[in-house]
Each structure stands twice: as C-alpha cells, then as structure tokens.
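Below is protein13.txt, which holds compact mmCIF, C-alpha atoms.
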# COMPACT_ATOMS: atom_id res chain seq x y z
CA MET A 1 110.18 64.17 52.03
CA THR A 2 106.44 63.95 52.68
CA LEU A 3 103.54 65.89 51.25
CA VAL A 4 100.46 66.24 53.46
CA GLU A 5 97.02 67.00 52.11
CA THR A 6 93.68 67.09 53.93
CA ILE A 7 91.08 64.97 52.16
CA GLY A 8 87.35 64.41 52.42
CA ASP A 9 85.85 61.51 54.32
CA ALA A 10 84.52 59.90 51.16
CA ALA A 11 88.05 59.32 49.90
CA VAL A 12 89.27 57.57 53.03
CA SER A 13 88.85 53.86 53.69
CA THR A 14 90.71 53.80 57.01
CA SER A 15 88.66 53.31 60.17
CA ALA A 16 89.02 52.72 63.87
CA SER A 17 89.52 49.31 65.43
CA PRO A 18 86.99 46.66 64.38
CA GLU A 19 87.11 45.57 68.02
CA VAL A 20 85.37 48.76 69.23
CA PRO A 21 81.68 47.88 69.77
CA THR A 22 79.26 50.00 67.80
CA GLU A 23 75.97 48.77 69.23
CA LYS A 24 74.49 48.70 72.71
CA THR A 25 74.68 44.98 73.48
CA GLY A 26 78.34 44.77 72.55
CA LEU A 27 79.18 47.92 74.48
CA ARG A 28 77.40 46.71 77.60
CA GLN A 29 79.24 43.39 77.53
CA ALA A 30 82.57 45.09 76.90
CA LEU A 31 82.14 47.61 79.72
CA ILE A 32 81.34 44.87 82.23
CA ALA A 33 84.10 42.54 81.03
CA GLN A 34 86.73 45.26 81.08
CA ARG A 35 85.83 46.26 84.64
CA GLU A 36 86.23 42.66 85.74
CA TYR A 37 89.66 42.57 84.11
CA THR A 38 90.69 45.92 85.61
CA LEU A 39 89.90 44.77 89.13
CA ALA A 40 91.50 41.35 88.58
CA LEU A 41 94.81 42.99 87.70
CA TYR A 42 95.08 44.32 91.25
CA ALA A 43 93.36 41.46 93.04
CA ASP A 44 96.63 40.33 94.65
CA LEU A 45 98.20 43.74 95.18
CA PRO A 46 100.02 43.85 98.54
CA SER A 47 97.87 45.61 101.12
CA ALA A 48 100.43 48.34 101.79
CA TYR A 49 100.11 49.58 98.21
CA TRP A 50 96.46 50.47 98.73
CA HIS A 51 97.44 53.37 101.00
CA PRO A 52 98.44 56.37 98.84
CA HIS A 53 100.41 57.94 101.69
CA ARG A 54 102.60 54.84 101.88
CA PHE A 55 102.77 54.11 98.17
CA PRO A 56 106.12 54.96 96.48
CA LEU A 57 106.00 58.41 94.89
CA ARG A 58 107.14 58.09 91.30
CA ALA A 59 106.69 60.32 88.29
CA THR A 60 105.57 57.48 86.00
CA ILE A 61 102.86 55.79 88.08
CA ASN A 62 99.81 56.63 90.18
CA PRO A 63 98.67 55.33 93.57
CA PRO A 64 96.42 52.34 92.74
CA LEU A 65 93.48 53.65 94.78
CA TRP A 66 93.57 56.98 92.95
CA GLU A 67 93.90 55.39 89.51
CA LEU A 68 91.01 52.99 89.94
CA ALA A 69 88.72 55.72 91.29
CA HIS A 70 89.87 57.98 88.44
CA ILE A 71 88.69 55.36 85.94
CA ALA A 72 85.25 55.53 87.55
CA TRP A 73 85.29 59.34 87.63
CA PHE A 74 86.17 59.51 83.94
CA GLN A 75 83.46 57.02 83.08
CA GLU A 76 80.84 58.93 85.02
CA PHE A 77 81.93 62.33 83.72
CA PHE A 78 82.19 61.60 79.99
CA ALA A 79 79.37 59.05 79.68
CA LEU A 80 76.85 60.65 82.04
CA ARG A 81 77.70 64.24 82.98
CA TRP A 82 79.42 65.89 80.02
CA ARG A 83 77.30 67.84 77.56
CA ALA A 84 78.35 70.10 74.71
CA ASP A 85 76.65 73.01 76.44
CA ASP A 86 78.02 72.03 79.86
CA GLU A 87 81.60 70.88 79.38
CA SER A 88 82.35 71.22 83.09
CA GLY A 89 79.55 68.79 83.99
CA SER A 90 78.38 71.21 86.66
CA ARG A 91 74.66 70.63 85.98
CA ARG A 92 75.02 66.93 86.77
CA PRO A 93 77.06 66.47 89.94
CA SER A 94 78.87 63.23 90.66
CA CYS A 95 77.15 60.52 92.65
CA PHE A 96 80.22 60.53 94.91
CA HIS A 97 80.98 63.48 97.18
CA MET A 98 84.21 65.28 96.28
CA ALA A 99 84.86 63.06 93.25
CA ASP A 100 85.83 66.03 91.08
CA GLU A 101 88.26 67.35 93.66
CA LEU A 102 89.85 63.94 94.25
CA PHE A 103 89.85 62.03 90.97
CA ASP A 104 89.81 64.49 88.07
CA SER A 105 93.31 64.23 86.55
CA GLY A 106 92.91 67.72 85.13
CA ARG A 107 92.45 69.18 88.60
CA VAL A 108 94.71 67.02 90.73
CA PRO A 109 98.45 67.44 90.02
CA HIS A 110 100.45 64.25 89.91
CA GLU A 111 102.31 64.70 93.19
CA ALA A 112 99.13 65.74 95.01
CA ARG A 113 97.66 62.27 94.41
CA TRP A 114 99.79 60.97 97.29
CA GLN A 115 98.64 63.65 99.72
CA LEU A 116 94.86 63.80 99.54
CA ASP A 117 92.47 62.51 102.17
CA TYR A 118 90.82 59.59 100.39
CA PRO A 119 87.76 57.53 101.22
CA SER A 120 88.35 53.89 102.15
CA ARG A 121 89.14 51.31 99.51
CA ALA A 122 85.68 49.78 100.02
CA GLU A 123 84.03 53.15 99.40
CA CYS A 124 86.08 53.69 96.23
CA PHE A 125 85.15 50.24 94.97
CA ASP A 126 81.49 50.95 95.72
CA TYR A 127 81.83 54.15 93.68
CA MET A 128 83.27 52.18 90.77
CA GLN A 129 80.42 49.69 90.90
CA LEU A 130 77.70 52.35 91.19
CA VAL A 131 79.11 54.30 88.24
CA LEU A 132 79.28 51.17 86.09
CA GLU A 133 75.66 50.34 86.92
CA ASN A 134 74.56 53.90 86.11
CA VAL A 135 76.48 53.89 82.83
CA VAL A 136 74.95 50.57 81.77
CA GLN A 137 71.49 51.88 82.58
CA ALA A 138 72.13 55.06 80.58
CA LEU A 139 73.46 53.00 77.69
CA GLU A 140 70.25 50.93 77.63
CA LYS A 141 68.19 54.13 77.37
CA SER A 142 70.38 55.73 74.72
CA GLY A 143 69.90 55.60 70.98
CA GLU A 144 72.01 53.24 68.90
CA ALA A 145 73.66 56.21 67.20
CA ASP A 146 74.58 57.89 70.50
CA CYS A 147 77.45 55.63 71.52
CA TYR A 148 80.57 57.83 71.32
CA GLY A 149 80.71 58.66 75.04
CA PHE A 150 80.35 54.98 75.98
CA GLN A 151 83.06 53.97 73.50
CA LEU A 152 85.32 56.71 74.85
CA VAL A 153 85.08 55.58 78.47
CA LEU A 154 85.56 51.95 77.47
CA LEU A 155 88.81 52.64 75.61
CA HIS A 156 89.96 54.95 78.41
CA GLU A 157 89.65 52.03 80.82
CA ASP A 158 91.53 49.86 78.32
CA MET A 159 94.40 52.36 78.40
CA HIS A 160 94.45 52.48 82.18
CA ALA A 161 94.43 48.70 82.45
CA GLU A 162 97.76 48.70 80.62
CA ALA A 163 98.95 51.48 82.92
CA LEU A 164 98.04 49.29 85.90
CA ALA A 165 100.14 46.48 84.43
CA MET A 166 103.02 48.94 83.91
CA THR A 167 102.72 49.96 87.56
CA LEU A 168 103.01 46.35 88.71
CA VAL A 169 106.18 45.86 86.66
CA THR A 170 107.63 49.15 87.92
CA LEU A 171 107.04 47.96 91.50
CA GLY A 172 108.70 44.62 90.78
CA GLN A 173 105.42 42.72 91.03
CA ALA A 174 104.60 39.80 88.73
CA LEU A 175 101.81 40.26 86.24
CA PRO A 176 98.75 38.29 87.39
CA SER A 177 97.52 35.25 85.50
CA VAL A 178 94.67 37.24 83.92
CA ALA A 179 97.17 39.38 81.99
CA PRO A 180 98.17 38.21 78.51
CA ARG A 181 101.50 36.44 78.17
CA ARG A 182 104.31 37.48 75.82
CA SER A 183 104.61 35.53 72.58
CA LYS A 184 107.53 34.83 70.28
CA ILE A 185 108.19 37.35 67.52
CA GLY A 186 108.17 34.66 64.85
CA PRO A 187 110.93 33.20 62.72
CA CYS A 188 114.28 34.62 63.72
CA LEU A 189 114.78 36.49 60.45
CA ALA A 190 117.85 38.59 59.97
CA LEU A 191 116.81 42.22 60.15
CA SER A 192 118.05 42.61 56.58
CA ALA A 193 115.17 40.35 55.51
CA GLY A 194 112.74 43.22 55.56
CA LEU A 195 109.69 44.34 53.64
CA HIS A 196 109.71 46.73 50.70
CA ILE A 197 106.87 49.24 50.80
CA ALA A 198 106.20 50.97 47.50
CA GLY A 199 105.34 54.33 49.03
CA GLY A 200 103.23 56.78 47.06
CA VAL A 201 100.12 58.39 48.51
CA THR A 202 99.01 56.80 51.76
CA ARG A 203 96.09 57.64 54.03
CA MET A 204 96.45 58.47 57.70
CA GLY A 205 93.83 59.00 60.36
CA VAL A 206 90.30 57.76 61.02
CA ARG A 207 87.08 58.78 59.37
CA ALA A 208 85.00 61.43 61.06
CA ASP A 209 82.06 58.97 61.21
CA ALA A 210 84.09 56.20 62.91
CA PHE A 211 85.26 56.11 66.50
CA GLY A 212 88.69 57.59 66.95
CA PHE A 213 90.50 59.96 69.27
CA ASP A 214 90.70 63.55 68.11
CA ASN A 215 94.46 63.38 67.58
CA GLU A 216 93.81 60.75 64.88
CA LYS A 217 91.73 63.22 62.88
CA PRO A 218 91.13 64.60 60.33
CA PRO A 219 91.96 61.96 57.73
CA HIS A 220 94.60 63.15 55.31
CA GLN A 221 96.97 61.96 52.63
CA VAL A 222 100.73 61.69 52.95
CA ARG A 223 103.03 61.08 50.00
CA LEU A 224 105.92 58.75 50.84
CA GLU A 225 109.03 57.65 49.03
CA PRO A 226 109.52 53.87 48.74
CA PHE A 227 111.12 52.40 51.87
CA ASP A 228 112.34 49.12 53.37
CA ILE A 229 111.25 48.22 56.89
CA ASP A 230 111.99 45.27 59.17
CA ALA A 231 109.57 42.36 59.00
CA ARG A 232 109.73 42.12 62.80
CA VAL A 233 110.78 44.13 65.82
CA VAL A 234 114.32 44.04 67.17
CA SER A 235 114.81 41.03 69.44
CA ALA A 236 115.98 41.09 73.04
CA ALA A 237 119.19 39.31 72.07
CA GLU A 238 119.94 41.84 69.32
CA PHE A 239 119.51 44.78 71.61
CA ALA A 240 121.48 43.04 74.36
CA ALA A 241 124.39 42.74 71.92
CA PHE A 242 124.33 46.50 71.44
CA ARG A 243 124.00 47.16 75.16
CA ALA A 244 127.05 44.97 75.83
CA HIS A 245 129.09 46.44 72.97
CA SER A 246 131.52 49.32 73.45
CA ALA A 247 129.44 51.26 70.88
CA TYR A 248 126.78 51.79 73.55
CA LEU A 249 129.20 54.15 75.28
CA GLU A 250 130.37 55.94 72.12
CA PRO A 251 128.86 59.44 71.80
CA ARG A 252 128.83 59.27 67.98
CA PHE A 253 125.92 56.84 68.04
CA TRP A 254 123.76 59.09 70.21
CA SER A 255 121.95 62.35 69.68
CA ALA A 256 122.86 65.27 71.94
CA GLU A 257 119.75 64.55 74.04
CA GLY A 258 120.53 60.87 74.07
CA ASN A 259 124.10 61.46 75.24
CA ALA A 260 122.84 63.72 78.01
CA TRP A 261 120.41 61.01 79.14
CA ARG A 262 123.06 58.25 78.93
CA GLU A 263 125.60 60.28 80.89
CA SER A 264 123.03 61.15 83.53
CA GLY A 265 123.20 57.61 84.90
CA LEU A 266 119.42 57.18 84.86
CA ARG A 267 119.69 53.68 83.44
CA VAL A 268 120.01 51.19 86.28
CA ASP A 269 121.66 47.84 85.53
CA PRO A 270 120.88 45.10 84.97
CA HIS A 271 119.09 46.24 81.84
CA PRO A 272 115.80 44.37 81.23
CA ALA A 273 117.06 43.12 77.85
CA LEU A 274 119.95 41.33 79.57
CA THR A 275 118.00 39.40 82.18
CA GLY A 276 116.97 36.14 80.62
CA GLN A 277 114.96 37.28 77.61
CA PRO A 278 115.54 34.79 74.77
CA THR A 279 116.16 35.57 71.13
CA GLU A 280 112.53 34.83 70.23
CA LEU A 281 111.17 37.69 72.35
CA ALA A 282 111.02 41.35 71.43
CA ALA A 283 113.43 43.78 73.02
CA MET A 284 111.39 45.66 75.59
CA HIS A 285 111.78 48.64 77.94
CA MET A 286 114.01 50.54 75.52
CA ASN A 287 113.62 54.29 75.48
CA TYR A 288 113.63 56.39 72.31
CA PHE A 289 117.25 57.47 72.73
CA GLU A 290 118.40 53.84 72.90
CA ALA A 291 116.31 52.86 69.90
CA GLU A 292 117.76 55.77 67.94
CA ALA A 293 121.34 54.88 68.95
CA TYR A 294 120.85 51.21 68.04
CA CYS A 295 119.64 52.25 64.60
CA LYS A 296 122.67 54.44 64.03
CA TRP A 297 124.95 51.60 65.15
CA GLN A 298 123.33 49.42 62.49
CA ASN A 299 123.40 52.20 59.89
CA ARG A 300 119.63 52.22 59.84
CA ARG A 301 116.88 54.50 61.19
CA LEU A 302 113.53 54.47 62.93
CA PRO A 303 110.43 54.57 60.71
CA THR A 304 108.31 57.69 60.69
CA GLU A 305 104.76 57.43 61.95
CA ALA A 306 103.47 57.74 58.38
CA GLU A 307 105.74 54.93 57.18
CA TRP A 308 104.71 52.67 60.06
CA GLU A 309 101.01 53.29 59.44
CA CYS A 310 101.43 52.84 55.69
CA ALA A 311 103.16 49.48 56.22
CA ALA A 312 100.43 48.36 58.63
CA ASN A 313 97.69 49.28 56.17
CA SER A 314 99.34 47.85 53.06
CA SER A 315 101.14 44.69 54.22
CA SER A 316 99.43 41.79 55.97
CA GLU A 317 102.88 40.39 56.81
CA PHE A 318 103.75 43.63 58.58
CA SER A 319 100.46 44.00 60.42
CA GLY A 320 100.73 40.38 61.55
CA SER A 321 104.12 41.12 63.10
CA THR A 322 102.87 43.91 65.38
CA GLY A 323 101.44 43.85 68.89
CA HIS A 324 104.43 42.46 70.80
CA VAL A 325 105.63 45.86 72.03
CA TRP A 326 104.76 49.47 71.41
CA GLU A 327 107.09 50.62 68.65
CA TRP A 328 108.96 53.91 68.76
CA THR A 329 108.77 56.04 65.63
CA ALA A 330 110.88 58.99 64.52
CA SER A 331 107.85 61.30 64.60
CA PRO A 332 107.09 63.79 67.38
CA PHE A 333 103.50 63.78 68.62
CA ALA A 334 101.88 66.71 66.84
CA ALA A 335 98.47 67.75 65.54
CA TYR A 336 97.34 66.61 62.12
CA PRO A 337 96.48 69.39 59.64
CA GLY A 338 93.03 70.70 60.54
CA PHE A 339 93.03 69.18 64.05
CA LYS A 340 90.08 70.10 66.28
CA ALA A 341 89.89 69.19 69.94
CA GLU A 342 86.89 67.03 70.84
CA ARG A 343 85.18 66.00 74.07
CA TYR A 344 88.29 64.62 75.80
CA ARG A 345 90.36 67.79 75.43
CA ASP A 346 93.08 66.78 77.89
CA TYR A 347 94.20 63.81 75.80
CA SER A 348 95.71 65.53 72.79
CA ALA A 349 96.29 69.27 72.53
CA PRO A 350 98.04 69.70 75.92
CA TRP A 351 100.69 67.19 74.81
CA PHE A 352 101.58 68.71 71.45
CA HIS A 353 105.02 70.06 72.43
CA SER A 354 103.57 70.95 75.84
CA LEU A 355 105.74 73.57 77.56
CA GLY A 356 108.59 72.71 75.22
CA VAL A 357 108.53 69.00 76.15
CA ARG A 358 108.67 66.64 73.18
CA TYR A 359 106.61 63.46 73.01
CA GLN A 360 107.39 60.75 70.47
CA VAL A 361 104.72 58.66 68.75
CA LEU A 362 104.61 54.91 69.37
CA LYS A 363 102.49 52.56 67.29
CA GLY A 364 101.11 49.06 67.27
CA GLY A 365 100.35 48.10 70.86
CA SER A 366 102.03 45.65 73.24
CA PHE A 367 101.19 42.15 74.43
CA VAL A 368 99.19 43.75 77.29
CA THR A 369 97.32 46.26 75.10
CA HIS A 370 93.66 45.45 74.50
CA PRO A 371 92.95 44.60 70.83
CA ARG A 372 90.56 47.57 70.72
CA LEU A 373 93.60 49.85 70.83
CA LYS A 374 95.68 47.96 68.27
CA TYR A 375 94.30 49.61 65.16
CA PRO A 376 96.96 51.18 62.88
CA GLN A 377 95.77 54.75 63.36
CA TYR A 378 96.08 54.71 67.16
CA ARG A 379 98.76 57.10 68.43
CA ASN A 380 100.47 56.42 71.74
CA PHE A 381 102.97 59.01 72.92
CA TYR A 382 105.63 59.36 75.61
CA THR A 383 108.67 61.49 76.31
CA PRO A 384 111.82 60.01 74.73
CA ASP A 385 113.45 59.19 78.08
CA ARG A 386 110.64 56.83 79.18
CA ASP A 387 111.37 53.10 79.16
CA ASP A 388 108.91 51.76 81.72
CA MET A 389 106.31 51.05 79.03
CA PHE A 390 106.13 47.74 77.17
CA CYS A 391 107.99 49.35 74.28
CA GLY A 392 110.55 48.37 71.66
CA PHE A 393 111.18 49.22 68.02
CA ARG A 394 111.97 48.11 64.49
CA THR A 395 114.24 49.75 61.96
CA CYS A 396 114.19 51.04 58.38
CA ALA A 397 116.89 51.12 55.73
CA ILE A 398 118.50 54.48 55.09
CA GLN A 399 117.67 55.53 51.54
Can the structure from this file be put into structure tokens for me?
Amino acid sequence: MTLVETIGDAAVSTSASPEVPTEKTGLRQALIAQREYTLALYADLPSAYWHPHRFPLRATINPPLWELAHIAWFQEFFALRWRADDESGSRRPSCFHMADELFDSGRVPHEARWQLDYPSRAECFDYMQLVLENVVQALEKSGEADCYGFQLVLLHEDMHAEALAMTLVTLGQALPSVAPRRSKIGPCLALSAGLHIAGGVTRMGVRADAFGFDNEKPPHQVRLEPFDIDARVVSAAEFAAFRAHSAYLEPRFWSAEGNAWRESGLRVDPHPALTGQPTELAAMHMNYFEAEAYCKWQNRRLPTEAEWECAANSSSEFSGSTGHVWEWTASPFAAYPGFKAERYRDYSAPWFHSLGVRYQVLKGGSFVTHPRLKYPQYRNFYTPDRDDMFCGFRTCAIQ
C-alpha cells in the first residue's frame, strides 16, 4: 500500500539529470553534438529507405525522412516559434514551406507519414541545418535563465535518436559504429542475491525549478513498505530458460491480457533472447506480458515505479546496475497528483489511459539512451505488447 502526498519544492532534493546543460555554452555544444550523432546514425541507411512511399509501413516506426525532418520541426517550433500567448506558433511561421502540414506529429497521423508529398532528402537536410543554425543564434541572444525551450528540444532529439536506433533494429540493420555498445550486467549474481530497501517515505518527481518533463511533476512523497529488489536485471540466459520451458505456454503464469497476446501468435521465433545472447547480457526485447509471466513463474513480481525510483535514489549499488535496458515496472503511466500540462502538451496528458489504452512505465534507460535521459525521475512509457524497444526487467520479492 502506498500513501501519496504533494509536497513543496523546498522539501524535495530530487532533480533532473546532471547531464542536462543549464548554461548557454553547454547547450550550444550539446545541440551541435547531438545533431552530428543523429545524422551519423543514418549515414549508411540503404538508399531505398529514404523514400517514404517505399519504406515498410509499420505501427512502431516512422519513415526516416519524416522523422529527421520532424526533429527539426520540433526544434524550430518549441525553441523559436512557441510563446505562451501563441501556443500555435502562428505569429512566427516556419522557415520551411509546409513544415507544419508535413512534420508536426500532432497534425500528421502515423499512417499518413507514408503518403505525403515530401521535399527531397537534400532539402530536408538543409531545413535541419538551417533550423539548428537559427536555434544556436537565438540561444546566444537569450538570457541565461531562459533555457527551458532549448533544453526541451535537445532532449527531444535525444529521444528520437534512440527511436532511430530502434528503427534500424526493427529493419534488421546493424547499429552503426557511432552507437554505444552493450555491456555486461556485472557479476552473475543469483537473482536471490538482491537488495533490501527500507521503504518509508520516498520522494518522486523533479523540482519545479529544475528541468523535467511535465509528467515528472509535481514533486510528491510516497510511503512504501520495505521491499527486496534484484541487484541486476534478468539476464538473457535466464529469460531464455523461461522461454524454452513448458511454463511459457501455461496460462496460469499469464494475465488475461498476456494470454490473449501469447495466443495471438504475434511473437515470431526465433526470440531475440535465444539468438546468441550470453549470460552476461541483459534480456532484451521482452514485452510487459512476458516480464509479468516470468515473475509469476519465479514467484516474484515487477517493482512499482515508486519502488524502482526509491531504489535508484537510495542505493548506489542499484543505480550503478541500471542503464543496460529500459526496465518494465508494474505501474501504469498516469498523472502525478496535481499534474499540469506544460509547453509540450502532446507528450504526457494524451497518453494517460488514452482512449482506454494502457501504457506501462519503464525506467532507467538502455545502452543506447543518452545519459541526459537516465535520471531516476524520467518516465518512459509504452503499451504492454511492445517489445521492439531496448527493454528488459528486474524482479522484486513478494512480501
């Protein structure tokens, strides 16, 4: 049982990522460096994939040309055009004709991104470069305290860079050399060798005066019972043992939703956990239903978001074990008490049980996630059937 209380900023010591630049020089360098990385990810993309009309239509990815131009559109809109008294940006039109109609994710439905009449790749790249130059110039003229919009567009590009890497994997393409490599999850501890977290009152969320996404606010207290949590994520070999066991096909280990997904035949063999991943690597590309079933098989459970965040904030051993894969939690993505939508309104509120669809919170970041997004308060979220992300899980003891 948890008790949630809203608290004042003065009582909260949590903050956003220390990697997020807070001054102009650092922001300028980060914006330029991240753009170089974004473009390098797709430097060797096969030429056919640059044509949206010929690119495979899939619900989980975007045509590369659209996604890259969308990054530029978002950067231009939220760093240069958006104002509190002009949230549509209509008073400051884009420097690129038809940018709003082509690259605004709020206007362009997912399937329509394969059907639009796009400019050439060279023109889209020119748009990206021009926007970056304009943003850097605006940053130089801004006050040191007026950095939120620049931080927002930087972290948005960070998120999309990981999405670009996910797209490559989905298409069966190798990650380029500029992408980080996977690392071992540490000593091969038995999962029973976990960490005991004392519980009590823990703080969640970021301060109002620190950078954070609106769904991470306001800061509040949660009272937790003591709990035991794994000192590492589940390994590829451990999940492979479950996948190969007859228990994987036993309905008693699955929720009703999980059974429906499993019986739908959406999983295509060979499963990623069974294709050469050694014991020292994290299990990856598991969806929420599979993580939940594995836990039940082991007579354990997934941690709640509050438990995960508490462990990350209170245990250096735990926080040092994160970042291999995004980690599923038992918590649905929902608003914190007192939530208020901020500038980027499409990022949070529309996904809180949107149209009856449930999104589950994932924490911690993956090997591809930029360190700026690996702060404990960051909330990633996906539907429970998704497994294309670089995601895995760890377990908790049942009290």
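Of note, atom CA of Leu130 of chain A and atom CA of Pro180 of chain A are spaced 27.9 Å apart.
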Exercise. Please tell me which residues are no farther than 7 Å from (98.9, 56.9, 98.5) in the file, counting only C-alpha atoms, and write them as a ChimeraX atom specification.
Key: /A:50-55,63,113-115
Go ahead and save the residues from that selection, with C-alpha atoms, as a PDB file, in the coordinates of the input.
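And here's again-v8.pdb as it stands now:
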ATOM      1  CA  TRP A  50      96.460  50.470  98.730  1.00  0.00           C
ATOM      2  CA  HIS A  51      97.440  53.370 101.000  1.00  0.00           C
ATOM      3  CA  PRO A  52      98.440  56.370  98.840  1.00  0.00           C
ATOM      4  CA  HIS A  53     100.410  57.940 101.690  1.00  0.00           C
ATOM      5  CA  ARG A  54     102.600  54.840 101.880  1.00  0.00           C
ATOM      6  CA  PHE A  55     102.770  54.110  98.170  1.00  0.00           C
ATOM      7  CA  PRO A  63      98.670  55.330  93.570  1.00  0.00           C
ATOM      8  CA  ARG A 113      97.660  62.270  94.410  1.00  0.00           C
ATOM      9  CA  TRP A 114      99.790  60.970  97.290  1.00  0.00           C
ATOM     10  CA  GLN A 115      98.640  63.650  99.720  1.00  0.00           C
TER      11      GLN A 115
END
Self-check item: One-decimal distance in Å that lies between atom CA of Glu280 of chain A and atom CA of Ser235 of chain A
Solution: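 Spanning atom CA of Ser235 of chain A to atom CA of Glu280 of chain A is a straight-line distance of 6.7 Å.
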Can you list every residue of segment 47-135 of chain A that has an atom at most 10 Å from segment 159-171 of chain A, with its nearest atom pair and the distance in Å to one decimal, using all atoms listed in the file, ordered by chain then number, as JSON lines?
{"residue": "A:Tyr49", "atom": "CA", "partner": "A:Leu171", "partner_atom": "CA", "distance": 9.8}
{"residue": "A:Pro56", "atom": "CA", "partner": "A:Leu171", "partner_atom": "CA", "distance": 8.6}
{"residue": "A:Arg58", "atom": "CA", "partner": "A:Thr170", "partner_atom": "CA", "distance": 9.6}
{"residue": "A:Thr60", "atom": "CA", "partner": "A:Thr167", "partner_atom": "CA", "distance": 8.2}
{"residue": "A:Ile61", "atom": "CA", "partner": "A:Thr167", "partner_atom": "CA", "distance": 5.9}
{"residue": "A:Asn62", "atom": "CA", "partner": "A:Thr167", "partner_atom": "CA", "distance": 7.7}
{"residue": "A:Pro63", "atom": "CA", "partner": "A:Thr167", "partner_atom": "CA", "distance": 9.0}
{"residue": "A:Pro64", "atom": "CA", "partner": "A:Leu164", "partner_atom": "CA", "distance": 7.7}
{"residue": "A:Glu67", "atom": "CA", "partner": "A:His160", "partner_atom": "CA", "distance": 7.9}
{"residue": "A:Leu68", "atom": "CA", "partner": "A:His160", "partner_atom": "CA", "distance": 8.5}
{"residue": "A:His70", "atom": "CA", "partner": "A:His160", "partner_atom": "CA", "distance": 9.5}
{"residue": "A:Ile71", "atom": "CA", "partner": "A:His160", "partner_atom": "CA", "distance": 7.5}
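Surrounding residues of (71.3, 46.2, 74.2) at most 6 Å away are Lys24, Thr25 and Glu140 of chain A (based on only C-alpha atoms).
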Practice problem: Please identify all polymer residues within 7 Å of segment 357-366 of chain A, counting only C-alpha atoms, omitting same-chain residues fewer than 4 positions from it, and present them as a list in words. | Solution: Glu305, Thr322, Gly323, His324, Val325, Trp326, Glu327, Trp328, Thr329, Ser331, Pro332, Phe333, His353, Leu373, Lys374, Pro376, Tyr378, Arg379, Asn380, Phe381, Tyr382, Thr383, Pro384 and Phe390 of chain A
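Going from atom CA of Glu317 of chain A over to atom CA of Ala397 of chain A, you cover 17.7 Å.
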Exercise. Would you mind telling me which residue in A:Val20, A:Leu41, A:Ile32, A:Ala330 lies nearest to Ser177 of chain A when using all atoms listed in the file?
Key: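 Ranking A:Val20, A:Leu41, A:Ile32, A:Ala330 by distance to Ser177 of chain A, first place goes to A:Leu41.
Residue nearest Gly205 of chain A, chosen from A:Leu154, A:Pro337, A:Gln129, A:Tyr118 and counting all atoms listed in the file: A:Pro337.
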Which residues come within 7 Å of segment 292-298 of chain A, counting all atoms listed in the file, excluding same-chain residues fewer than 5 positions away, as an mmCIF file with C-alpha atoms, keeping the file's coordinate frame?
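Result file selection-v8.cif:
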data_model
loop_
_atom_site.group_PDB
_atom_site.id
_atom_site.type_symbol
_atom_site.label_atom_id
_atom_site.label_comp_id
_atom_site.auth_asym_id
_atom_site.auth_seq_id
_atom_site.Cartn_x
_atom_site.Cartn_y
_atom_site.Cartn_z
ATOM 1 C CA PHE A 242 124.330 46.500 71.440
ATOM 2 C CA PHE A 253 125.920 56.840 68.040
ATOM 3 C CA TRP A 254 123.760 59.090 70.210
ATOM 4 C CA THR A 395 114.240 49.750 61.960
#
Exercise. Check the smallest atom-to-atom distance from each of A:Phe125, A:Ala33, A:Gln151, A:Leu249 to Gly265 of chain A using all atoms listed in the file, then report the winner.
Key: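 Closest to Gly265 of chain A of all the choices is A:Leu249.
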Please return the centre and edge lengths, in Å to one decimal, of a box with edges along x, y and z that contains all listed atoms of segment 138-146 of chain A, widened by 3 Å on every side, as JSON.
{"center_x": 71.4, "center_y": 54.4, "center_z": 73.9, "size_x": 12.4, "size_y": 13.0, "size_z": 19.4}
Quiz item: Which one of A:Pro226, A:Pro350, A:Pro18, A:Gly186 sits closest to Gln377 of chain A if you count all atoms listed in the file?
Solution: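 Distance minimum relative to Gln377 of chain A lands on A:Pro18.
Considering the residues A:Leu195, A:Ala247, A:Val234, A:Val368 and counting only C-alpha atoms, Ala311 of chain A has its shortest atom-to-atom contact with A:Leu195.
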Quiz item: Of the candidates A:Ala244, A:Ala79, A:Leu132, A:Val222, which shows the shortest atom-to-atom distance to Phe150 of chain A, using all atoms listed in the file?
Solution: A:Ala79
